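Here the structure comes first, spelled out in structure tokens, and everything after it is commentary.
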Amino acid sequence: MSTSERGLSLIELLVFIVVVGIAVTGVLSVYSLNARSSADPMVRKQALAVAESLLEEVLAKPYTYCDPDDANVETAQNASVGPLGCATTPEGMGPEAGETRTANLTPYDNVNDYNNFQMTSGIDDLSGNAVPGLTGYTASVQVQPPPVPLTGIPASETLLVTVTVNAPGNQSVSLSGYRTRYAPNL
């Protein structure tokens with residue numbers, strides 16, 4: 001037999017099949033593990049939608065020196081009580097007594113009111129009703145001065161709002177936005 005007519009022996013072919021089989025098994029097991037532990041895209045999208053909605057809700061509120069129910073809310077130039085400040089109620093961090101997110105008569109009416117707000121047993125709408133399908137989610141809001149002032153805007157006139165939503169499967173989404181106080185005091 002000449003060297004140009006040589007082929008594979010049965011043993012060489014079997015060794016090749018075993019080696020390829022082991023390699024394919026390894027690749028498929030890694031793929032399977034990745035598929036099982038990867039984030040569920042629907043859960044992540046829902047968490048992102050909740051975070052975006054809550055951040056939009058907070059940032060839409062006024063950022064004033066005085067509580068929006070105060071007589072001088074439109075004219076106050078600082079948070080003190082007096083001629084240039086509030087008539088009676090300077091706005092502080094956190095809600096005023098009796099205010100809740102879902103109250104009809106005394107709802108959150110300022111960005112500051114949402115500081116340390118939490119939904120710990122599912123997501124509720126503005127009426128306080130549980131949103132179906134989101135019972136396994138939690139949300140929290142932090143409102144604070146920014147760690148670094150924005151260019152050209154005093155730190156005392158800016159708030160950093162951070163919304164964090166935790167979803168089933170140890171998924172977490174965190175979104176942040178800035179709210180500035182601007183003329184007159186909105």
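Following the order of the structure tokens, chains are lettered A, B, ..., residues in each are numbered from 1, and ligands are numbered from 1.
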Which residues of region 27-112 of chain A come within 10 Å of region 163-181 of chain A, and for each one, what is the closest pair of atoms and their distance in Å to one decimal, counting only C-alpha atoms, sorted by chain and residue number, as CSV?
residue,atom,partner,partner_atom,distance
A:Ser37,CA,A:Gly169,CA,9.0
A:Ser38,CA,A:Gly169,CA,9.4
A:Ala39,CA,A:Gln171,CA,7.3
A:Asp40,CA,A:Gly169,CA,8.1
A:Val43,CA,A:Ala167,CA,6.8
A:Arg44,CA,A:Gln171,CA,6.9
A:Lys45,CA,A:Val173,CA,9.4
A:Gln46,CA,A:Ala167,CA,8.4
A:Ala47,CA,A:Val165,CA,6.0
A:Leu48,CA,A:Val173,CA,6.1
A:Ala49,CA,A:Val165,CA,9.6
A:Val50,CA,A:Val165,CA,7.2
A:Ala51,CA,A:Val165,CA,6.0
A:Glu52,CA,A:Leu175,CA,7.3
A:Ser53,CA,A:Val163,CA,9.7
A:Leu54,CA,A:Val163,CA,7.1
A:Leu55,CA,A:Val163,CA,6.1
A:Glu56,CA,A:Gly177,CA,8.9
A:Val58,CA,A:Arg179,CA,9.1
A:Leu59,CA,A:Arg179,CA,6.2
A:Ala60,CA,A:Arg179,CA,8.9
A:Lys61,CA,A:Arg179,CA,9.2
A:Pro62,CA,A:Arg181,CA,8.2
A:Tyr63,CA,A:Arg181,CA,5.6
A:Thr64,CA,A:Arg181,CA,6.6
A:Tyr65,CA,A:Arg181,CA,8.7
A:Val111,CA,A:Arg179,CA,8.0
Keeping only N, CA and C atoms, write those residues as a compact mmCIF listing (two decimals), in the first residue's frame.
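Generated output (out_16.txt):
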# COMPACT_ATOMS: atom_id res chain seq x y z
N SER A 37 -29.00 30.62 34.85
CA SER A 37 -28.68 31.68 35.80
C SER A 37 -28.78 33.07 35.20
N SER A 38 -29.08 33.17 33.92
CA SER A 38 -29.18 34.50 33.32
C SER A 38 -30.47 35.19 33.75
N ALA A 39 -30.45 36.49 33.65
CA ALA A 39 -31.61 37.29 34.06
C ALA A 39 -32.76 37.07 33.10
N ASP A 40 -33.94 36.99 33.67
CA ASP A 40 -35.14 36.89 32.86
C ASP A 40 -35.40 38.27 32.26
N VAL A 43 -38.61 40.15 33.49
CA VAL A 43 -38.52 40.66 34.86
C VAL A 43 -37.69 41.94 34.88
N ARG A 44 -36.59 41.94 34.16
CA ARG A 44 -35.73 43.13 34.11
C ARG A 44 -36.47 44.32 33.46
N LYS A 45 -37.20 44.06 32.39
CA LYS A 45 -37.96 45.13 31.74
C LYS A 45 -39.04 45.69 32.65
N GLN A 46 -39.70 44.81 33.41
CA GLN A 46 -40.73 45.28 34.34
C GLN A 46 -40.11 46.12 35.44
N ALA A 47 -38.97 45.68 35.97
CA ALA A 47 -38.29 46.44 37.01
C ALA A 47 -37.86 47.81 36.48
N LEU A 48 -37.37 47.84 35.26
CA LEU A 48 -36.96 49.10 34.65
C LEU A 48 -38.17 50.02 34.44
N ALA A 49 -39.29 49.47 34.01
CA ALA A 49 -40.50 50.27 33.82
C ALA A 49 -40.99 50.85 35.15
N VAL A 50 -40.94 50.06 36.21
CA VAL A 50 -41.36 50.55 37.53
C VAL A 50 -40.43 51.68 37.98
N ALA A 51 -39.11 51.48 37.82
CA ALA A 51 -38.14 52.50 38.23
C ALA A 51 -38.32 53.79 37.44
N GLU A 52 -38.51 53.68 36.13
CA GLU A 52 -38.72 54.87 35.30
C GLU A 52 -39.98 55.61 35.72
N SER A 53 -41.05 54.88 35.96
CA SER A 53 -42.33 55.49 36.34
C SER A 53 -42.22 56.21 37.68
N LEU A 54 -41.59 55.56 38.65
CA LEU A 54 -41.46 56.17 39.97
C LEU A 54 -40.52 57.38 39.93
N LEU A 55 -39.44 57.29 39.18
CA LEU A 55 -38.53 58.43 39.04
C LEU A 55 -39.24 59.62 38.38
N GLU A 56 -40.02 59.34 37.36
CA GLU A 56 -40.78 60.40 36.69
C GLU A 56 -41.79 61.04 37.64
N VAL A 58 -41.58 61.30 40.92
CA VAL A 58 -40.88 62.12 41.90
C VAL A 58 -40.37 63.42 41.27
N LEU A 59 -39.73 63.31 40.11
CA LEU A 59 -39.16 64.49 39.47
C LEU A 59 -40.21 65.48 38.98
N ALA A 60 -41.44 65.04 38.83
CA ALA A 60 -42.51 65.93 38.39
C ALA A 60 -43.02 66.82 39.52
N LYS A 61 -42.67 66.50 40.75
CA LYS A 61 -43.12 67.31 41.89
C LYS A 61 -42.30 68.59 41.98
N PRO A 62 -42.89 69.65 42.57
CA PRO A 62 -42.13 70.89 42.73
C PRO A 62 -40.99 70.73 43.73
N TYR A 63 -40.01 71.59 43.60
CA TYR A 63 -38.89 71.66 44.55
C TYR A 63 -38.84 73.10 45.04
N THR A 64 -39.49 73.37 46.16
CA THR A 64 -39.67 74.73 46.66
C THR A 64 -39.05 74.88 48.05
N TYR A 65 -38.84 76.12 48.46
CA TYR A 65 -38.35 76.40 49.81
C TYR A 65 -39.42 76.07 50.85
N VAL A 111 -40.66 67.20 46.00
CA VAL A 111 -39.64 66.16 45.76
C VAL A 111 -39.11 65.62 47.08
Residues flagged helix (DSSP H, G or I) by DSSP in region 22-129 of chain A, as an MDAnalysis selection string
chainID A and resid 22:37 41:59 111:114
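Excluding region 137-148 of chain A itself and same-chain residues fewer than 4 positions from it, the residues having an atom within 7 Å of it are Asn112, Tyr114, Asn115, Asn116, Phe117, Gln118, Met119, Thr120, Ser121, Gly122, Ile123, Ala155, Thr158, Leu159, Leu160, Val161, Thr162, Val163, Thr164, Val165, Asn166, Ala167 and Pro168 of chain A, counting only C-alpha atoms.
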Preceding selection exported with C-alpha atoms as a PDB file, in the first residue's frame:
ATOM      1  CA  ASN A 112     -38.315  66.111  49.351  1.00  0.00           C
ATOM      2  CA  TYR A 114     -40.194  61.045  48.789  1.00  0.00           C
ATOM      3  CA  ASN A 115     -36.950  60.762  50.756  1.00  0.00           C
ATOM      4  CA  ASN A 116     -36.705  57.216  52.202  1.00  0.00           C
ATOM      5  CA  PHE A 117     -40.007  56.219  50.589  1.00  0.00           C
ATOM      6  CA  GLN A 118     -40.364  52.429  50.233  1.00  0.00           C
ATOM      7  CA  MET A 119     -42.747  49.891  48.756  1.00  0.00           C
ATOM      8  CA  THR A 120     -41.815  46.642  50.491  1.00  0.00           C
ATOM      9  CA  SER A 121     -44.643  44.270  49.613  1.00  0.00           C
ATOM     10  CA  GLY A 122     -45.227  44.820  45.923  1.00  0.00           C
ATOM     11  CA  ILE A 123     -45.731  47.871  43.755  1.00  0.00           C
ATOM     12  CA  ALA A 155     -25.497  72.406  45.545  1.00  0.00           C
ATOM     13  CA  THR A 158     -30.090  70.661  43.442  1.00  0.00           C
ATOM     14  CA  LEU A 159     -31.321  67.256  44.577  1.00  0.00           C
ATOM     15  CA  LEU A 160     -30.242  63.824  43.387  1.00  0.00           C
ATOM     16  CA  VAL A 161     -33.160  61.378  43.278  1.00  0.00           C
ATOM     17  CA  THR A 162     -32.285  57.668  43.151  1.00  0.00           C
ATOM     18  CA  VAL A 163     -34.951  55.001  42.641  1.00  0.00           C
ATOM     19  CA  THR A 164     -34.031  51.355  43.242  1.00  0.00           C
ATOM     20  CA  VAL A 165     -36.326  48.502  42.259  1.00  0.00           C
ATOM     21  CA  ASN A 166     -35.623  44.928  43.342  1.00  0.00           C
ATOM     22  CA  ALA A 167     -37.244  42.161  41.334  1.00  0.00           C
ATOM     23  CA  PRO A 168     -37.544  38.390  41.685  1.00  0.00           C
TER      24      PRO A 168
END
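In the backbone-derived DSSP annotation, strand (DSSP E) within region 6-175 of chain A comprises Gln118, Met119, Thr138, Ala139, Ser140, Val141, Gln142, Val143, Gln144, Thr158, Leu159, Leu160, Val161, Thr162, Val163, Thr164, Val165, Asn166, Ala167, Gln171, Ser172, Val173, Ser174 and Leu175 of chain A.
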Tell me, in Å to one decimal, how far CA of Asp69 (chain A) is from CA of Pro154 (chain A).
25.3 Å
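Rounded to one decimal, CA of Asp125 (chain A) and CA of Thr100 (chain A) lie 12.7 Å from each other.
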As a ChimeraX atom specification, please: the residues near region 71-83 of chain A (cut-off 12 Å, only C-alpha atoms, same-chain neighbours under 2 positions excluded).
/A:62-69,85-93,109-110,156-157,181-186
